[in-house]
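Report on the following structure.
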Amino acid sequence: MTDDIREREALERAAGELTARLAREAGMEPLPSALAARLVAQGTAITSAAAPARVVTPLRTPSPARAWGLAALAAAAGFVLAVALRPASPVEPPASARVAALRDSLLAAARPLAWEATPDSAARGASGDVVWDGTRQAGVMRIRGLAPNDARRLQYQLWIFDAERDERYPVDGGVFDVPAEGGEVLVPVRARVPVGRAVLFAVTVEPPGGVVVSRRERIVLLAKAG
Amino acid sequence: MDLTGSDDATLFAAVAAGDAPAVNACVARFGPLVWSLARRWCPDPSDAEDATQEIFFDLWRSAARFDASKASGHGFVAVIARRRLVDRARRRQRRPELVSWPEEFDVAAEGEAPGERALAALDAEGVLAQLTPPQRRMLELALLDGKTHEEIARETGTPIGTVKSHIRRGLERAKRLVGAQVGEGVA
């Protein structure tokens, strides 16, 4: 970041502090309750969708049969406990099994696209693929060898280039982290808006929380359709 | 988890993690600030409601970037609110002259990260207390109400050249005070 940008941001923050103080001294109006309710509803939906995707690092990707076999065992154990202790509650398979099962189910209808690592230092030796099913509007990235990130400083963000949209504005596919232990990670795709025809997937390095429009300064992975 | 009394950093981190109670607490804590600014900047309540929703949309997306060493929670939210309100004002063909800080209003370089250090030490109350009443009034109209130089001149019955010089001097005064606080509190 240049000194000019840093100083400008610092001045913006200074203006923010002064503005907040002036507003406090002038007396603040309570938020209308109906508007507050709308903000909470919208905020809950947006933040839950924007939260970093849960990245799973299975030692080996469980097959659907194995995953759901585990789920069945868990369900059976849950049933025994439920009978003994309290009314039954649904028992879900672990997140890794769910994402792996989702990927397997997507592979039945869509072809995986191999990641191509860019020369960026974070991508050295990275590989994997992304599978996307436009009908289901669901996808899963499988990534190996991408550098672990410090989520306080930066995060990875997926972009989906849609042939039916202006290429300057790819669809935000969600932010995610690569844990320090590395290994293979599976990341569910979280497209913010419907994707018509995905032709290119790109992973960029962005500030924490991701961005609305990427400057595309650090592109680490690319996967092209066709 | 009850986040009503949590510090701002904890609250924003929880929002960024998609915690629903944190969203509720965030609206309760910062809603009055956002709404008050929107009401002052926007021509009518309907427009203010739209602006408030846009500001909170930006806030949800930006929560992970909050850094308590650089800004207070209310200051952080005010920055986001001002950016959005400026955008909306520009769309209405108004061009507030203060929102983009004047080119000549620079912060003197102070080592590696002058702006960040200055901001960390900024005591907004202290800065405001040391402004002259005219300087403070001009800053209020510009920062709080989003008035242009021309509007401030009309509202205060002051020649526009005087308005500009008051604002300029007020900003320079603030700059010096911020710089002095850096020397006292952070260096």
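Within each chain, counting starts at residue 1; across the structure tokens, chains are named A, B, ... in the order shown, with ligands numbered 1 upward in that order.
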Long-range neighbours of range 161-167 of chain B as a PyMOL selection string, 8 Å cut-off, only C-alpha atoms, 5 positions minimum in chain: chain B and resi 134-135+138-139+149+152-153
Contact residues (chain B, partner chain A, 7 Å, only C-alpha atoms) as JSON, numbers by chain: {"B": [15, 16, 17, 18, 20, 23, 24, 27, 31, 32, 33, 35, 36, 53, 60, 61, 62, 64, 65, 71, 74, 75, 76, 78, 79, 107, 115, 116, 119, 124, 125, 140, 143, 144]}
Keeping only C-alpha atoms, take the residues you just selected and write them out as a JSON list (two decimals), in the first residue's frame.
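That gives us selection_25.json:
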[["chain", "number", "residue", "atom", "x", "y", "z"],
["B", 15, "VAL", "CA", -20.53, -10.73, 12.75],
["B", 16, "ALA", "CA", -17.87, -11.73, 10.25],
["B", 17, "ALA", "CA", -18.21, -15.31, 11.40],
["B", 18, "GLY", "CA", -21.92, -15.24, 10.62],
["B", 20, "ALA", "CA", -26.83, -14.19, 14.22],
["B", 23, "VAL", "CA", -25.88, -9.13, 13.87],
["B", 24, "ASN", "CA", -28.67, -8.20, 16.23],
["B", 27, "VAL", "CA", -27.79, -3.20, 14.67],
["B", 31, "GLY", "CA", -28.11, 1.60, 14.22],
["B", 32, "PRO", "CA", -28.72, 4.96, 15.89],
["B", 33, "LEU", "CA", -25.46, 6.39, 14.50],
["B", 35, "TRP", "CA", -29.78, 6.25, 11.07],
["B", 36, "SER", "CA", -28.91, 9.69, 12.46],
["B", 53, "GLN", "CA", -29.80, -0.54, 4.43],
["B", 60, "TRP", "CA", -21.74, -6.79, 6.99],
["B", 61, "ARG", "CA", -19.24, -7.26, 4.21],
["B", 62, "SER", "CA", -16.57, -5.21, 5.96],
["B", 64, "ALA", "CA", -13.84, -8.70, 9.28],
["B", 65, "ARG", "CA", -11.65, -5.70, 8.48],
["B", 71, "ALA", "CA", -10.42, 2.98, 14.87],
["B", 74, "HIS", "CA", -18.36, 3.97, 15.91],
["B", 75, "GLY", "CA", -15.57, 5.59, 13.90],
["B", 76, "PHE", "CA", -15.30, 2.49, 11.71],
["B", 78, "ALA", "CA", -19.03, 6.26, 10.41],
["B", 79, "VAL", "CA", -16.37, 5.81, 7.71],
["B", 107, "VAL", "CA", -0.76, 14.60, 6.89],
["B", 115, "GLY", "CA", -1.78, 7.77, 9.14],
["B", 116, "GLU", "CA", -2.25, 4.61, 11.13],
["B", 119, "LEU", "CA", -5.46, 7.53, 13.94],
["B", 124, "ALA", "CA", -11.98, 12.91, 18.62],
["B", 125, "GLU", "CA", -13.41, 14.66, 21.64],
["B", 140, "GLU", "CA", -20.36, 19.85, 11.81],
["B", 143, "LEU", "CA", -19.10, 16.04, 8.22],
["B", 144, "LEU", "CA", -22.35, 15.54, 10.05]]
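By chain and then residue number, the residues within 12 Å of Arg88 in chain B are Ala38, Trp41, Cys42, Pro43, Asp47, Ala48, Asp50, Ala51, Thr52, Glu54, Ile55, Ala81, Arg82, Arg83, Arg84, Leu85, Val86, Arg90, Arg91, Arg92, Gln93, Arg94, Arg95, Pro96, Val99 and Gly146 of chain B, counting only C-alpha atoms and disregarding those fewer than 2 positions away in sequence.
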Counting only C-alpha atoms, what is within 9 Å of Leu102 in chain A, bar same-chain residues fewer than 6 positions away, as a JSON list (two decimals) with N, CA and C atoms, in the first residue's frame?
[["chain", "number", "residue", "atom", "x", "y", "z"],
["A", 64, "PRO", "N", -18.98, -41.95, -0.93],
["A", 64, "PRO", "CA", -20.34, -41.74, -0.44],
["A", 64, "PRO", "C", -20.81, -42.90, 0.44],
["A", 138, "ALA", "N", -24.53, -25.49, -7.63],
["A", 138, "ALA", "CA", -23.70, -25.94, -6.50],
["A", 138, "ALA", "C", -22.35, -26.39, -7.05],
["A", 139, "GLY", "N", -21.35, -26.26, -6.22],
["A", 139, "GLY", "CA", -20.02, -26.67, -6.64],
["A", 139, "GLY", "C", -19.11, -26.90, -5.46],
["A", 140, "VAL", "N", -18.00, -27.56, -5.72],
["A", 140, "VAL", "CA", -17.01, -27.82, -4.67],
["A", 140, "VAL", "C", -15.62, -27.67, -5.29],
["A", 188, "PRO", "N", -16.86, -25.80, -0.34],
["A", 188, "PRO", "CA", -18.10, -25.64, -1.12],
["A", 188, "PRO", "C", -18.16, -24.25, -1.75]]
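Between CA of Tyr169 in chain A and CA of Phe66 in chain B the interatomic distance comes to 25.9 Å.
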Pairwise distance for CA of Phe30 in chain B and CA of Asp87 in chain B, rounded to one decimal in Å: 20.2 Å
